[in-house]
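Peer 1: My structure file work_29.txt, compact mmCIF, C-alpha atoms, is below:
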```txt
# COMPACT_ATOMS: atom_id res chain seq x y z
CA MET A 400 -46.45 -12.02 51.71
CA LEU A 401 -50.22 -11.98 52.02
CA GLY A 402 -51.79 -9.23 54.07
CA GLY A 403 -54.51 -9.87 56.60
CA GLY A 404 -57.04 -8.02 54.44
CA TYR A 405 -56.36 -10.29 51.46
CA LEU A 406 -56.67 -13.41 53.58
CA SER A 407 -59.92 -12.19 55.12
CA ARG A 408 -61.39 -11.47 51.69
CA GLU A 409 -60.36 -14.88 50.36
CA LEU A 410 -61.81 -16.71 53.35
CA GLU A 411 -65.03 -14.70 53.15
CA ARG A 412 -65.33 -15.56 49.46
CA THR A 413 -64.69 -19.24 50.15
CA PHE A 414 -67.12 -19.55 53.03
CA ARG A 415 -69.99 -18.11 51.04
CA TYR A 416 -70.64 -21.65 49.81
CA ARG A 417 -73.89 -23.11 51.07
CA HIS A 418 -76.22 -25.83 49.86
CA ASP A 419 -78.75 -23.91 47.77
CA VAL A 420 -81.29 -25.83 45.69
CA THR A 421 -79.47 -26.33 42.39
CA THR A 422 -80.40 -27.93 39.08
CA ALA A 423 -78.53 -31.04 40.22
CA ASP A 424 -80.60 -31.08 43.42
CA LEU A 425 -83.79 -30.93 41.41
CA GLN A 426 -82.59 -33.75 39.17
CA SER A 427 -81.83 -35.84 42.24
CA HIS A 428 -85.32 -35.22 43.58
CA GLN A 429 -86.90 -35.91 40.19
CA ARG A 430 -85.36 -39.40 40.03
CA HIS A 431 -87.69 -40.30 42.89
CA ALA A 432 -90.54 -37.90 42.04
CA THR A 433 -93.19 -40.62 41.95
CA GLY A 434 -92.37 -41.94 45.42
CA PRO A 435 -94.03 -40.77 48.62
CA ARG A 436 -92.52 -38.00 50.74
CA ARG A 437 -90.97 -39.34 53.95
CA THR A 438 -90.83 -38.20 57.53
CA VAL A 439 -87.17 -38.47 58.50
CA ALA A 440 -85.65 -38.44 61.98
CA LEU A 441 -82.19 -36.83 61.72
CA SER A 442 -79.41 -36.91 64.31
CA GLY A 443 -76.39 -34.65 63.89
CA ALA A 444 -78.73 -32.15 62.22
CA THR A 445 -76.47 -29.17 63.01
CA GLY A 446 -73.26 -30.88 61.87
CA LEU A 447 -71.40 -30.49 58.59
CA ILE A 448 -73.36 -33.14 56.68
CA GLY A 449 -76.57 -32.93 58.71
CA THR A 450 -77.12 -29.22 58.02
CA GLN A 451 -76.93 -29.78 54.27
CA ALA A 452 -78.86 -33.08 54.34
CA GLY A 453 -81.73 -31.52 56.31
CA ALA A 454 -82.01 -28.58 53.89
CA PHE A 455 -81.87 -30.89 50.88
CA LEU A 456 -84.56 -33.24 52.20
CA ARG A 457 -86.89 -30.38 53.08
CA SER A 458 -86.42 -28.93 49.59
CA GLY A 459 -87.65 -32.25 48.19
CA GLY A 460 -90.84 -32.18 50.24
CA HIS A 461 -89.73 -34.51 53.05
CA ALA A 462 -90.46 -33.69 56.68
CA VAL A 463 -87.38 -33.64 58.93
CA ARG A 464 -87.51 -34.19 62.70
CA PRO A 465 -84.12 -33.35 64.25
CA LEU A 466 -82.90 -35.30 67.28
CA VAL A 467 -81.82 -32.75 69.90
CA ARG A 468 -80.05 -33.00 73.24
CA ARG A 469 -81.80 -29.93 74.69
CA VAL A 470 -85.49 -29.74 75.55
CA ALA A 471 -87.25 -30.76 72.35
CA GLY A 472 -89.60 -28.33 70.65
CA ALA A 473 -92.37 -28.98 68.16
CA GLY A 474 -91.26 -31.36 65.42
CA GLU A 475 -88.13 -32.39 67.33
CA ILE A 476 -87.12 -35.61 69.08
CA GLY A 477 -85.34 -35.49 72.42
CA TRP A 478 -82.40 -37.81 72.99
CA ASP A 479 -79.37 -38.21 75.23
CA PRO A 480 -76.75 -40.43 73.56
CA SER A 481 -74.63 -40.66 76.72
CA SER A 482 -77.47 -42.32 78.67
CA GLY A 483 -79.09 -44.06 75.71
CA ARG A 484 -82.40 -42.22 76.11
CA VAL A 485 -84.53 -41.54 73.04
CA ASP A 486 -88.06 -40.11 73.17
CA GLN A 487 -89.88 -42.94 71.39
CA THR A 488 -93.21 -41.15 71.60
CA ALA A 489 -91.84 -38.26 69.53
CA MET A 490 -90.20 -40.76 67.18
CA GLU A 491 -93.46 -42.54 66.36
CA GLY A 492 -94.55 -42.02 62.78
CA VAL A 493 -91.13 -41.57 61.18
CA ASP A 494 -90.56 -43.43 57.92
CA ALA A 495 -86.76 -43.28 58.07
CA VAL A 496 -83.90 -42.44 60.41
CA VAL A 497 -80.66 -40.77 59.31
CA HIS A 498 -78.07 -41.01 62.10
CA LEU A 499 -75.04 -38.73 61.64
CA ALA A 500 -74.14 -37.72 65.20
CA GLY A 501 -70.78 -38.51 66.81
CA GLU A 502 -67.83 -36.94 68.65
CA ASN A 503 -65.39 -35.14 66.33
CA ILE A 504 -62.51 -37.54 65.65
CA ALA A 505 -60.07 -34.78 64.69
CA GLY A 506 -61.04 -32.38 67.47
CA GLY A 507 -57.79 -32.78 69.42
CA ARG A 508 -55.01 -35.12 70.49
CA TRP A 509 -56.30 -38.55 71.44
CA THR A 510 -56.08 -38.87 75.19
CA ALA A 511 -57.59 -41.92 76.86
CA GLU A 512 -60.63 -39.81 77.80
CA ARG A 513 -61.06 -38.46 74.28
CA LYS A 514 -60.87 -41.95 72.78
CA ARG A 515 -63.51 -43.10 75.25
CA ARG A 516 -65.82 -40.25 74.17
CA ILE A 517 -65.25 -40.97 70.48
CA ARG A 518 -66.11 -44.63 70.96
CA GLU A 519 -69.09 -44.15 73.28
CA SER A 520 -70.64 -41.32 71.25
CA ARG A 521 -70.82 -43.64 68.27
CA VAL A 522 -71.52 -46.99 69.85
CA ARG A 523 -73.88 -46.02 72.66
CA GLY A 524 -75.70 -43.40 70.60
CA SER A 525 -76.15 -45.77 67.66
CA ARG A 526 -77.42 -48.60 69.84
CA ALA A 527 -79.93 -46.24 71.50
CA ILE A 528 -81.31 -45.16 68.12
CA ALA A 529 -81.41 -48.73 66.79
CA GLU A 530 -83.27 -49.97 69.88
CA ALA A 531 -85.69 -47.05 69.74
CA ALA A 532 -86.44 -47.68 66.05
CA ALA A 533 -86.90 -51.41 66.68
CA GLY A 534 -89.34 -50.69 69.51
CA LEU A 535 -91.69 -48.40 67.58
CA ARG A 536 -95.25 -49.55 66.90
CA ARG A 537 -94.69 -48.81 63.20
CA ARG A 538 -91.04 -49.33 62.48
CA PRO A 539 -89.22 -47.10 59.98
CA GLU A 540 -88.47 -48.53 56.55
CA VAL A 541 -84.78 -47.68 56.71
CA LEU A 542 -82.12 -46.62 59.18
CA ILE A 543 -79.11 -44.90 57.58
CA SER A 544 -76.13 -44.68 59.90
CA ALA A 545 -72.87 -42.85 59.28
CA SER A 546 -69.70 -44.90 59.39
CA ALA A 547 -66.26 -44.10 57.95
CA VAL A 548 -63.52 -45.51 55.73
CA GLY A 549 -61.29 -45.61 58.81
CA ILE A 550 -62.87 -49.03 59.39
CA TYR A 551 -60.48 -50.46 56.76
CA GLY A 552 -57.34 -49.40 58.63
CA ASP A 553 -54.07 -48.31 57.00
CA ARG A 554 -53.89 -50.30 53.74
CA GLY A 555 -51.25 -48.68 51.53
CA ASP A 556 -51.98 -49.01 47.80
CA GLU A 557 -54.56 -51.81 48.17
CA LEU A 558 -57.84 -51.20 46.37
CA LEU A 559 -60.72 -51.51 48.84
CA ASP A 560 -64.45 -52.02 48.41
CA GLU A 561 -67.30 -53.01 50.69
CA ASP A 562 -66.25 -56.66 50.62
CA SER A 563 -62.70 -55.92 51.83
CA PRO A 564 -61.95 -57.14 55.36
CA VAL A 565 -61.51 -54.57 58.09
CA ARG A 566 -58.20 -54.43 59.95
CA ASP A 567 -56.70 -53.36 63.27
CA GLY A 568 -56.34 -49.91 64.79
CA PHE A 569 -58.44 -47.66 66.98
CA LEU A 570 -60.63 -46.28 64.18
CA ALA A 571 -61.14 -49.74 62.69
CA GLU A 572 -62.24 -51.06 66.09
CA VAL A 573 -64.59 -48.12 66.59
CA GLY A 574 -65.99 -48.66 63.09
CA ARG A 575 -66.73 -52.33 63.75
CA GLU A 576 -68.48 -51.56 67.04
CA TRP A 577 -70.30 -48.58 65.50
CA GLU A 578 -71.82 -50.70 62.75
CA ALA A 579 -72.51 -53.64 65.08
CA ALA A 580 -74.50 -51.31 67.36
CA MET A 581 -77.21 -51.24 64.68
CA ALA A 582 -77.97 -54.95 65.25
CA PRO A 583 -81.29 -54.33 67.11
CA ALA A 584 -82.66 -52.58 64.01
CA VAL A 585 -81.37 -55.29 61.67
CA ASP A 586 -82.89 -57.98 63.90
CA ALA A 587 -86.22 -56.13 63.81
CA GLY A 588 -86.28 -56.33 60.00
CA ILE A 589 -85.41 -52.68 59.32
CA ARG A 590 -83.23 -52.04 56.27
CA VAL A 591 -79.97 -50.67 57.69
CA VAL A 592 -77.38 -48.85 55.57
CA HIS A 593 -73.89 -48.12 56.92
CA LEU A 594 -72.53 -45.19 54.89
CA ARG A 595 -68.74 -45.38 55.12
CA PHE A 596 -67.86 -41.76 54.42
CA GLY A 597 -64.51 -40.62 53.15
CA ILE A 598 -63.20 -37.10 53.82
CA VAL A 599 -66.16 -34.80 53.16
CA LEU A 600 -65.02 -31.75 51.19
CA SER A 601 -66.63 -28.49 52.26
CA PRO A 602 -65.19 -25.11 53.27
CA ALA A 603 -67.76 -25.01 56.06
CA GLY A 604 -65.94 -27.60 58.18
CA GLY A 605 -63.86 -30.74 58.33
CA ALA A 606 -60.43 -31.31 56.81
CA LEU A 607 -60.74 -28.89 53.88
CA ALA A 608 -61.72 -25.97 56.11
CA ARG A 609 -58.61 -26.55 58.26
CA MET A 610 -56.38 -26.62 55.18
CA LEU A 611 -57.54 -23.34 53.68
CA VAL A 612 -55.58 -20.87 55.81
CA PRO A 613 -52.14 -22.49 55.38
CA PHE A 614 -52.74 -22.97 51.65
CA LEU A 615 -53.90 -19.39 51.18
CA LEU A 616 -50.77 -18.26 53.05
CA GLY A 617 -48.61 -20.27 50.65
CA ALA A 618 -47.64 -22.72 53.40
CA GLY A 619 -49.64 -25.72 52.18
CA GLY A 620 -48.24 -28.94 50.84
CA PRO A 621 -48.20 -32.71 51.15
CA ILE A 622 -48.44 -34.48 54.48
CA GLY A 623 -45.43 -36.67 55.19
CA SER A 624 -44.38 -38.55 52.05
CA GLY A 625 -47.64 -37.61 50.33
CA ARG A 626 -47.97 -41.16 48.99
CA GLN A 627 -50.91 -42.10 51.23
CA TRP A 628 -54.26 -42.44 49.47
CA MET A 629 -57.15 -40.17 50.41
CA SER A 630 -60.73 -41.29 49.88
CA TRP A 631 -62.99 -38.26 49.72
CA VAL A 632 -66.46 -37.10 48.67
CA SER A 633 -67.88 -33.65 47.96
CA ILE A 634 -70.50 -32.40 50.40
CA ASP A 635 -73.08 -32.42 47.57
CA ASP A 636 -72.38 -36.05 46.72
CA ALA A 637 -72.44 -37.00 50.41
CA VAL A 638 -75.97 -35.59 50.62
CA ASP A 639 -76.98 -37.29 47.37
CA VAL A 640 -75.78 -40.64 48.71
CA ILE A 641 -77.94 -40.21 51.81
CA HIS A 642 -80.91 -39.41 49.57
CA GLU A 643 -80.22 -42.47 47.41
CA ALA A 644 -79.92 -44.74 50.47
CA LEU A 645 -83.17 -43.31 51.81
CA LEU A 646 -85.17 -44.17 48.71
CA ASP A 647 -83.45 -47.10 46.99
CA ALA A 648 -84.38 -50.34 48.75
CA ARG A 649 -81.54 -52.17 47.00
CA LEU A 650 -79.01 -50.49 49.28
CA ALA A 651 -78.34 -52.25 52.58
CA GLY A 652 -75.32 -53.02 54.73
CA PRO A 653 -71.97 -51.29 54.15
CA VAL A 654 -71.90 -48.69 51.36
CA ASN A 655 -68.75 -46.68 50.61
CA ALA A 656 -69.74 -43.01 50.38
CA THR A 657 -66.61 -41.96 48.50
CA ALA A 658 -65.92 -40.49 45.07
CA PRO A 659 -64.85 -42.99 42.39
CA GLU A 660 -61.34 -41.48 42.11
CA PRO A 661 -59.34 -41.66 45.36
CA ILE A 662 -56.18 -39.58 45.19
CA GLN A 663 -52.73 -39.59 46.76
CA ASN A 664 -52.12 -36.83 49.26
CA ARG A 665 -49.35 -35.15 47.23
CA ASP A 666 -51.70 -34.84 44.23
CA PHE A 667 -54.52 -33.62 46.47
CA ALA A 668 -52.21 -30.83 47.74
CA THR A 669 -51.04 -29.92 44.24
CA ILE A 670 -54.58 -29.62 42.90
CA LEU A 671 -55.81 -27.63 45.91
CA GLY A 672 -52.90 -25.21 45.48
CA ARG A 673 -53.67 -24.83 41.78
CA VAL A 674 -57.37 -24.17 42.39
CA LEU A 675 -56.51 -21.56 45.05
CA GLY A 676 -53.75 -20.05 42.92
CA ARG A 677 -51.14 -20.62 45.64
CA PRO A 678 -47.99 -22.77 45.89
CA SER A 679 -48.29 -26.18 47.53
CA ILE A 680 -44.72 -27.28 48.13
CA VAL A 681 -44.26 -26.99 51.91
CA PRO A 682 -44.43 -30.54 53.33
CA ALA A 683 -45.67 -31.31 56.83
CA PRO A 684 -42.95 -33.56 58.32
CA VAL A 685 -44.01 -36.81 59.95
CA PHE A 686 -42.01 -36.23 63.16
CA ALA A 687 -43.75 -32.89 63.73
CA LEU A 688 -47.20 -34.35 63.10
CA ARG A 689 -46.57 -37.18 65.53
CA ALA A 690 -45.21 -34.76 68.12
CA LEU A 691 -48.32 -32.59 67.80
CA PHE A 692 -51.05 -35.19 67.37
CA GLY A 693 -49.65 -38.56 68.46
CA GLU A 694 -51.82 -41.54 67.48
CA LEU A 695 -54.30 -39.24 65.74
CA ALA A 696 -51.66 -38.40 63.10
CA ASP A 697 -50.92 -42.05 62.28
CA GLU A 698 -54.58 -43.06 61.97
CA THR A 699 -55.91 -40.04 60.08
CA LEU A 700 -53.28 -37.81 58.45
CA LEU A 701 -50.80 -40.55 57.53
CA ALA A 702 -53.07 -43.57 57.04
CA SER A 703 -53.77 -44.73 53.48
CA GLN A 704 -57.19 -45.89 52.30
CA ARG A 705 -57.82 -46.33 48.56
CA VAL A 706 -61.55 -46.94 48.66
CA LEU A 707 -63.96 -47.48 45.76
CA PRO A 708 -67.76 -46.93 45.94
CA SER A 709 -68.45 -50.30 44.28
CA ARG A 710 -72.03 -50.78 45.48
CA LEU A 711 -73.12 -47.33 44.39
CA GLN A 712 -71.45 -47.77 41.02
CA ARG A 713 -73.12 -51.13 40.42
CA LEU A 714 -76.49 -49.43 40.94
CA GLY A 715 -75.61 -46.68 38.45
CA PHE A 716 -75.23 -43.84 40.97
CA ARG A 717 -73.89 -40.73 39.24
CA PHE A 718 -71.49 -38.51 41.16
CA ARG A 719 -71.74 -34.77 40.61
CA HIS A 720 -68.03 -34.42 41.35
CA PRO A 721 -66.08 -37.56 40.39
CA THR A 722 -62.70 -35.75 40.45
CA VAL A 723 -61.22 -33.78 43.31
CA GLU A 724 -60.56 -30.76 41.09
CA SER A 725 -64.24 -30.50 40.10
CA ALA A 726 -65.17 -30.79 43.80
CA PHE A 727 -62.70 -28.06 44.83
CA ARG A 728 -63.85 -25.69 42.08
CA HIS A 729 -67.48 -26.17 43.05
CA VAL A 730 -67.28 -25.90 46.83
CA LEU A 731 -64.63 -23.13 46.75
CA GLY A 732 -66.31 -21.16 43.97
CA ARG A 733 -63.19 -21.21 41.81
```
How does the structure come out when it is put into structure tokens?
Peer 2:
Amino acid sequence: MLGGGYLSRELERTFRYRHDVTTADLQSHQRHATGPRRTVALSGATGLIGTQAGAFLRSGGHAVRPLVRRVAGAGEIGWDPSSGRVDQTAMEGVDAVVHLAGENIAGGRWTAERKRRIRESRVRGSRAIAEAAAGLRRRPEVLISASAVGIYGDRGDELLDEDSPVRDGFLAEVGREWEAAMAPAVDAGIRVVHLRFGIVLSPAGGALARMLVPFLLGAGGPIGSGRQWMSWVSIDDAVDVIHEALLDARLAGPVNATAPEPIQNRDFATILGRVLGRPSIVPAPVFALRALFGELADETLLASQRVLPSRLQRLGFRFRHPTVESAFRHVLGR
């Protein structure tokens, strides 16, 4: 049995991870060293990906203007996604927009009200940013908007790339509307990139952070049958993909921001347990998950998406962490 002191020490050790400027960061910047530095408007700047993306871009000499819901300070852009208001005056002069904001999908059981907030935070907020970008006197070169692999629906063992059709389900519907909300920017001639993120691996938040306590307690294991495919990406690679989309004009439209080796949930659990040095044999039964989370369980925990980053691979993008074990060992310091 693990004592509270042991668990506290392990969690403290794990959460020391942060996005420092590494050799790999410098190499990523050097690939585009001859290009101009950009001024980038960034929504979701305090979120899991946005915090790291903002730090990375600043370390490469780019200027970052966060979009904020409070009263905007110097170098910030005021916006209210619920009303569709964006301060276009403060947005003038940006070369690129990176839009990462949106209601947390896994923040609680999906009531009708929560589903409405999830949909509106993505669709209305995205349309507001696209319209604001399209209406600027000097339009940005590129608008990078977060999307998600949930757009493909539950697809079993089927291999999926950016040309695969999307299917039914709440997340698939939200994904379609989310990406369609960027139409004003596309119509205005702005290069728009829809980054379809998989599960972003970081101990600072998201799915991995929620798994750590049960796994450290020896109570981790596969979810349901464990046969469902998980498409994932390390936080470092997620940031690198944003950087690549910012500077490589060949990227446009849907781009899968996932590692090249999707993994079945049972193998994901086994490897996480091995990296943490803990057993990973306690399954989470389907009936309990559905009782606790309802529709959320079926569309996130139990859904299967075996997604390949085909467009990135065709352009020669190199992942820092192509395997889930290398990602775990890096972000968990193991």
Peer 1: Give me, please, the distance in Å between atom CA of Arg713 of chain A and atom CA of Pro653 of chain A, quoted to one decimal.
Peer 2: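 Distance reported for this atom pair: 13.8 Å.
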Peer 1: Between atom CA of Leu646 of chain A and atom CA of Val467 of chain A, what distance in Å does the model show, to one decimal?
Peer 2: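 Taking atom CA of Leu646 of chain A and atom CA of Val467 of chain A, their separation equals 24.3 Å.
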Peer 1: Separation of atom CA of Gly604 of chain A and atom CA of Glu694 of chain A, in Å?
Peer 2: 21.9 Å
Peer 1: For Gly617 of chain A, which residue out of A:Arg566, A:Arg554, A:Arg677, A:Arg575 is the nearest one, using all atoms listed in the file?
Peer 2: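 Closest to Gly617 of chain A, using all atoms listed in the file: A:Arg677.
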Peer 1: Which one of A:Phe596, A:Trp628, A:Phe727, A:Trp509 sits closest to Ser546 of chain A if you count all atoms listed in the file?
Peer 2: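 Using all atoms listed in the file, the shortest distance to Ser546 of chain A belongs to A:Phe596.
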Peer 1: Residues at most 12 Å from Thr699 of chain A, counting only C-alpha atoms, excluding those fewer than 3 positions away in the same chain, as a ChimeraX atom specification?
Peer 2: /A:504-509,547-553,568-571,597-598,606,622,627-630,664,688-689,692-696,702-704
Peer 1: Would you pick out the contacts of Pro682 of chain A at 10 Å or less, using only C-alpha atoms, so that residues sharing its chain but fewer than 5 positions from it are not included, and give the list as a list in words?
Peer 2: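 Neighbouring residues, sequence-local ones excluded: Ala618, Gly619, Gly620, Pro621, Ile622, Gly623, Ser624, Gly625, Arg665 and Ala668 of chain A.
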Peer 1: Quick one: write out the picked residues with C-alpha atoms as a PDB file, in the frame of the given file?
Peer 2:
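Contents of again.pdb, freshly written:
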```
ATOM      1  CA  ALA A 618     -47.640 -22.720  53.400  1.00  0.00           C
ATOM      2  CA  GLY A 619     -49.640 -25.720  52.180  1.00  0.00           C
ATOM      3  CA  GLY A 620     -48.240 -28.940  50.840  1.00  0.00           C
ATOM      4  CA  PRO A 621     -48.200 -32.710  51.150  1.00  0.00           C
ATOM      5  CA  ILE A 622     -48.440 -34.480  54.480  1.00  0.00           C
ATOM      6  CA  GLY A 623     -45.430 -36.670  55.190  1.00  0.00           C
ATOM      7  CA  SER A 624     -44.380 -38.550  52.050  1.00  0.00           C
ATOM      8  CA  GLY A 625     -47.640 -37.610  50.330  1.00  0.00           C
ATOM      9  CA  ARG A 665     -49.350 -35.150  47.230  1.00  0.00           C
ATOM     10  CA  ALA A 668     -52.210 -30.830  47.740  1.00  0.00           C
TER      11      ALA A 668
END
```
Peer 1: With a cut-off of 9 Å, could you pull out the residues of segment 437-485 of chain A touching segment 518-530 of chain A and give me the nearest pair of atoms for each, distance in Å to one decimal, using all atoms listed in the file, ordered by chain and ascending number, as a Markdown table?
Peer 2:
```
| residue | atom | partner | partner_atom | distance |
| --- | --- | --- | --- | --- |
| A:Trp478 | CA | A:Ile528 | CA | 8.9 |
| A:Asp479 | CA | A:Gly524 | CA | 7.9 |
| A:Pro480 | CA | A:Gly524 | CA | 4.3 |
| A:Ser481 | CA | A:Arg523 | CA | 6.8 |
| A:Ser482 | CA | A:Arg523 | CA | 7.9 |
| A:Gly483 | CA | A:Ala527 | CA | 4.8 |
| A:Arg484 | CA | A:Ala527 | CA | 6.6 |
| A:Val485 | CA | A:Ala527 | CA | 6.8 |
```
Peer 1: For the residues in the current selection, export C-alpha atoms as a PDB file, in the coordinates of the input.
Peer 2:
```pdb
ATOM      1  CA  TRP A 478     -82.400 -37.810  72.990  1.00  0.00           C
ATOM      2  CA  ASP A 479     -79.370 -38.210  75.230  1.00  0.00           C
ATOM      3  CA  PRO A 480     -76.750 -40.430  73.560  1.00  0.00           C
ATOM      4  CA  SER A 481     -74.630 -40.660  76.720  1.00  0.00           C
ATOM      5  CA  SER A 482     -77.470 -42.320  78.670  1.00  0.00           C
ATOM      6  CA  GLY A 483     -79.090 -44.060  75.710  1.00  0.00           C
ATOM      7  CA  ARG A 484     -82.400 -42.220  76.110  1.00  0.00           C
ATOM      8  CA  VAL A 485     -84.530 -41.540  73.040  1.00  0.00           C
TER       9      VAL A 485
END
```
Peer 1: Just give me the residues with any atom within 12 Å of (-74.5, -38.6, 50.2), file coordinates, counting all atoms listed in the file, written as a ChimeraX atom specification.
Peer 2: /A:424,427,448-449,451-453,455-456,497,499,543-545,592-600,631-645,654-658,708,711,716-720
